[in-house]
Amino acid sequence: VSRIVTLTTDFGSTDAYVGIMKGVILSIAPETRIVDISHEVPPQDVTGAATLLDSVWEYFPADAIHVAVVDPGVGTNRKPIAVRAGRGLFVGPDNGLFGPVLTRQGNLSVESGTLRDAEAVELVDERYRLSPVSPTFHGRDIFAPAAAHLALGLPLASFGPPLTSIEPGTSFPLRREGTMIYGAVVRIDRFGNAITNVPSRAVGGHILLSVRGHCIPGIRDSYQDAPLGVLVGSRGTLEIAVRDGSAARELGLQRGDPVTVENAS
Amino acid sequence: VSRIVTLTTDFGSTDAYVGIMKGVILSIAPETRIVDISHEVPPQDVTGAATLLDSVWEYFPADAIHVAVVDPGVGTNRKPIAVRAGRGLFVGPDNGLFGPVLTRQGNLSVESGTLRDAEAVELVDERYRLSPVSPTFHGRDIFAPAAAHLALGLPLASFGPPLTSIEPGTSFPLRREGTMIYGAVVRIDRFGNAITNVPSRAVGGHILLSVRGHCIPGIRDSYQDAPLGVLVGSRGTLEIAVRDGSAARELGLQRGDPVTVENAS
Amino acid sequence: VSRIVTLTTDFGSTDAYVGIMKGVILSIAPETRIVDISHEVPPQDVTGAATLLDSVWEYFPADAIHVAVVDPGVGTNRKPIAVRAGRGLFVGPDNGLFGPVLTRQGNLSVESGTLRDAEAVELVDERYRLSPVSPTFHGRDIFAPAAAHLALGLPLASFGPPLTSIEPGTSFPLRREGTMIYGAVVRIDRFGNAITNVPSRAVGGHILLSVRGHCIPGIRDSYQDAPLGVLVGSRGTLEIAVRDGSAARELGLQRGDPVTVENAS
């Protein structure tokens, strides 16, 4: 079996940090298939990485190993962890990176951080770390070796003591009141599309979406349909888009902006 | 056989779109070798992607599958297609992305868009798409699954009805009048070199190249030979270069600039 | 055996140069595992690439092949070379790219450029080059084919005549006088950390580091420990870091800045 290991980091592409992690992984598990998700997460943006990671796991095989390293607390007492969810094995620091993924899979209570039907461990066994572990680069010294040994088939329990809860991290509000849905912009993508957390299946085909004082009717069928519109994005959530332009720039939108959706049936 | 699938997109490296496409491909065809050409095509720059793609196919095996997704018309009625050329199989939207590749291989009449000695189909069979197909991300829902099934060896005819013509897209002028050749700058590369479409074999070793009012003698042997020069670039076409600097910036050159070459023998 | 080939270049991610090199490698040696180190070396920054390369080789298998192409002299008479060091095989232009790697492995005298216990050749055999060799893209025409044939197991001696010395390139000063160590900033990373060449094992746990008029006590245990601090970076050398910020920007640090370390115990 050649297992897949994905990598999501804020290491950028100018340094050698990502290449070093790959060297460590391939030295331990030479047949691993490594897939880069992104290394351009803004430095130390745990919430951004968590949202990114939550958009990829469902398109990978159930036994894929997803490593995420956005780790402002490296060298402090935050735990290095691995969690087996319904779909995918997640490896990285316990700082909220895996909150959205595990919540959406039903493996985490976002209020309490309690895990459900998920196996989690703290990565402490020294046999599966590089030695010595540096205080600054656990991606190389702890997470890459863990991912490689998991790719080789080592059981999760070998790495350390089990955990029953993890840090849930930041989540975006989403609630319904009558015909209104209150959500948020959770991500601005490269094209300037503002992606919300409002599932399209929660609304009808005729809506009014309000954000930053703009009121936008929807739902459009494609990016070409209107100069400014709301459509169903690739995650199945509502997305605000400007044809051949950037909705984020033109409307001044940012991550976290509250969004209100009214079913206009 | 582990087939190669290359990817050329305008998805950038900050979002998860590329990683998602790779997850889809590897879920269907786990042994595929995926090679990134570039994901930094400027958003919606179909012509730029077409030129880029035309510089790579000849260096890959004849059975390599080249996926290109620069797709401003996603969700409209432009066709999703796959074309088997003399060398390489090309998968993406029918918006001109494959015009230069197929023209140079002699598989396309650039005036009419008629195919010659090339097999092409519209990608419509639902068995080889994700379901449902979103209106915004055919890279994931149509092109990645098609590439994966092609990598597994599925015949082109399985995907949908045959096509006899495709959209040829933008092409750059190139013509000869006596000792003069009229061409264009087709690309500015990272180093600021201005790459033209004038084949070096069409000219002698002593030329005068005119562009934007500058008159530059050639042909130099290397980038180090002169402060400003014309040399034979890696595509076998004339290239305008400044030693240790950017020709594009210093001469104010852009893609599309007309270039005149006079044989000065 | 599927050998690893790493790539370090200044080709960037907007052009097809890297993809073309991968096509050439996989056409010759289809089972090669290609790992990108970085393609974002600043254009023609040989010293930067040399430092980068020196941070990765020890994390890869001993038989990994490391290709580096930062090559302002392409097309001139600088030699294309391959060097087998104690760990790793290095392929690229003979312009100093491999000085730091080979010096640290004890395979090179940095003053004379003389090799020790290392096998090196000039890459001249035409059977292992593309034909014709362009004057502008030896990454494609010489280095990628050489790496692929090495990955297939071809002996180094097949490629051309042996070399007993190579260009050592730029090295950063490092010397001790009594309790003082004089070194330099060798790299600024993405996070703005200033990485020095002073090995932590050369100093005690209590030091004063001076750089650009700033005097910084150390050694801290993690990035979170102090607003401004010195800690042991992932290379095992001292590193100047600002918590949740950029030391380089806040202190105005650059590569090459002299650093003085005083043992303060």
# chains A, B, ... in the order shown; residues from 1 in each chain; ligands from 1
$ interface_residues --of "chain C" --to "chain B" --cutoff "6 Å" --atoms "only C-alpha atoms" --output "PyMOL selection string"
chain C and resi 13-14+16+19-20+23-24+27+75+135+137
$ write_last_selection --atoms "C-alpha atoms" --output "compact mmCIF listing (two decimals), in the first residue's frame"
# COMPACT_ATOMS: atom_id res chain seq x y z
CA SER C 13 6.38 29.16 -10.33
CA THR C 14 4.88 31.23 -13.14
CA ALA C 16 7.06 26.18 -17.27
CA GLY C 19 7.64 21.39 -15.29
CA ILE C 20 9.81 20.90 -18.36
CA GLY C 23 9.07 15.98 -17.99
CA VAL C 24 12.64 15.32 -19.12
CA SER C 27 10.73 10.55 -19.73
CA GLY C 75 25.96 29.32 -22.01
CA PRO C 135 22.66 28.20 -24.67
CA PHE C 137 18.44 26.21 -20.46
$ residues_around --residues "region 156-158 of chain C" --least-positions-apart "6" --cutoff "8 Å" --atoms "only C-alpha atoms" --output "list in words"
Ala82, Glu119, Ala120, Val121, Asp125 and Leu150 of chain C
$ atom_distance --atom1 "CA of Ser210 (chain C)" --atom2 "CA of Val261 (chain C)"
6.4 Å
$ residues_around --residues "Asp63 (chain B)" --least-positions-apart "3" --cutoff "7 Å" --atoms "only C-alpha atoms" --output "NGL selection string"
:B and (87-89)
$ write_last_selection --atoms "N, CA and C atoms" --output "PDB file, in the first residue's frame"
ATOM      1  N   ARG B  87       1.129  13.997 -29.898  1.00  0.00           N
ATOM      2  CA  ARG B  87       1.859  13.746 -28.659  1.00  0.00           C
ATOM      3  C   ARG B  87       1.066  14.353 -27.510  1.00  0.00           C
ATOM      4  N   GLY B  88       0.554  13.504 -26.639  1.00  0.00           N
ATOM      5  CA  GLY B  88      -0.145  14.005 -25.466  1.00  0.00           C
ATOM      6  C   GLY B  88      -1.650  13.989 -25.609  1.00  0.00           C
ATOM      7  N   LEU B  89      -2.299  13.856 -24.453  1.00  0.00           N
ATOM      8  CA  LEU B  89      -3.749  13.904 -24.359  1.00  0.00           C
ATOM      9  C   LEU B  89      -4.087  15.159 -23.573  1.00  0.00           C
TER      10      LEU B  89
END
$ residues_around --residues "Gly256 (chain A)" --least-positions-apart "5" --cutoff "8 Å" --atoms "only C-alpha atoms" --output "PyMOL selection string"
chain A and resi 172+184-186
$ residues_around --residues "region 100-108 of chain B" --least-positions-apart "2" --cutoff "9 Å" --atoms "only C-alpha atoms" --output "list in words"
Ala50, Thr51, Leu53, Asp54, Ser55, Trp57, Ala85, Gly86, Arg87, Gly96, Leu97, Phe98, Val110, Glu111, Ser112, Gly113, Thr114, Leu115, Arg116, Asp117, Ala118, Ser165, Ile166, Pro168, Gly169, Thr170 and Ser171 of chain B
$ atom_distance --atom1 "CA of Phe11 (chain A)" --atom2 "CA of Ala68 (chain A)"
10.7 Å
$ atom_distance --atom1 "CA of Glu177 (chain B)" --atom2 "CA of Ile216 (chain B)"
19.6 Å
$ select_by_dssp --residues "region 139-252 of chain A" --states "strand (DSSP E)" --output "number ranges by chain"
A: 175-177, 180-188, 194-199, 207-211, 214-220, 228-232, 237-242
$ residues_around --residues "Val69 (chain A)" --least-positions-apart "6" --cutoff "7 Å" --atoms "only C-alpha atoms" --output "ChimeraX atom specification"
/A:8-9,92-93,139
$ select_by_dssp --residues "region 123-204 of chain A" --states "helix (DSSP H, G or I)" --output "MDAnalysis selection string"
chainID A and resid 126:128 138:151 156:159 200:202
$ residues_around --residues "Thr260 (chain B)" --least-positions-apart "4" --cutoff "7 Å" --atoms "only C-alpha atoms" --output "list of chain:residue names"
B:Met180, B:Ile181, B:Tyr182, B:Gly183, B:Leu209, B:Ser210, B:Val211
$ write_last_selection --atoms "N, CA and C atoms" --output "short mmCIF file (atom, residue, chain, number, x, y, z; two decimals), in the first residue's frame"
data_model
loop_
_atom_site.label_atom_id
_atom_site.label_comp_id
_atom_site.auth_asym_id
_atom_site.auth_seq_id
_atom_site.Cartn_x
_atom_site.Cartn_y
_atom_site.Cartn_z
N MET B 180 12.06 40.25 -44.35
CA MET B 180 11.51 40.67 -43.06
C MET B 180 10.60 39.60 -42.48
N ILE B 181 10.67 39.46 -41.16
CA ILE B 181 9.71 38.59 -40.48
C ILE B 181 8.96 39.42 -39.45
N TYR B 182 7.63 39.29 -39.46
CA TYR B 182 6.80 40.02 -38.51
C TYR B 182 6.21 39.05 -37.50
N GLY B 183 6.57 39.21 -36.25
CA GLY B 183 6.07 38.32 -35.21
C GLY B 183 5.62 39.12 -34.00
N LEU B 209 16.58 43.17 -34.72
CA LEU B 209 15.22 42.97 -34.23
C LEU B 209 14.69 44.31 -33.72
N SER B 210 13.49 44.67 -34.15
CA SER B 210 12.88 45.92 -33.69
C SER B 210 11.65 45.63 -32.84
N VAL B 211 11.58 46.30 -31.71
CA VAL B 211 10.42 46.16 -30.84
C VAL B 211 10.26 47.45 -30.03
#
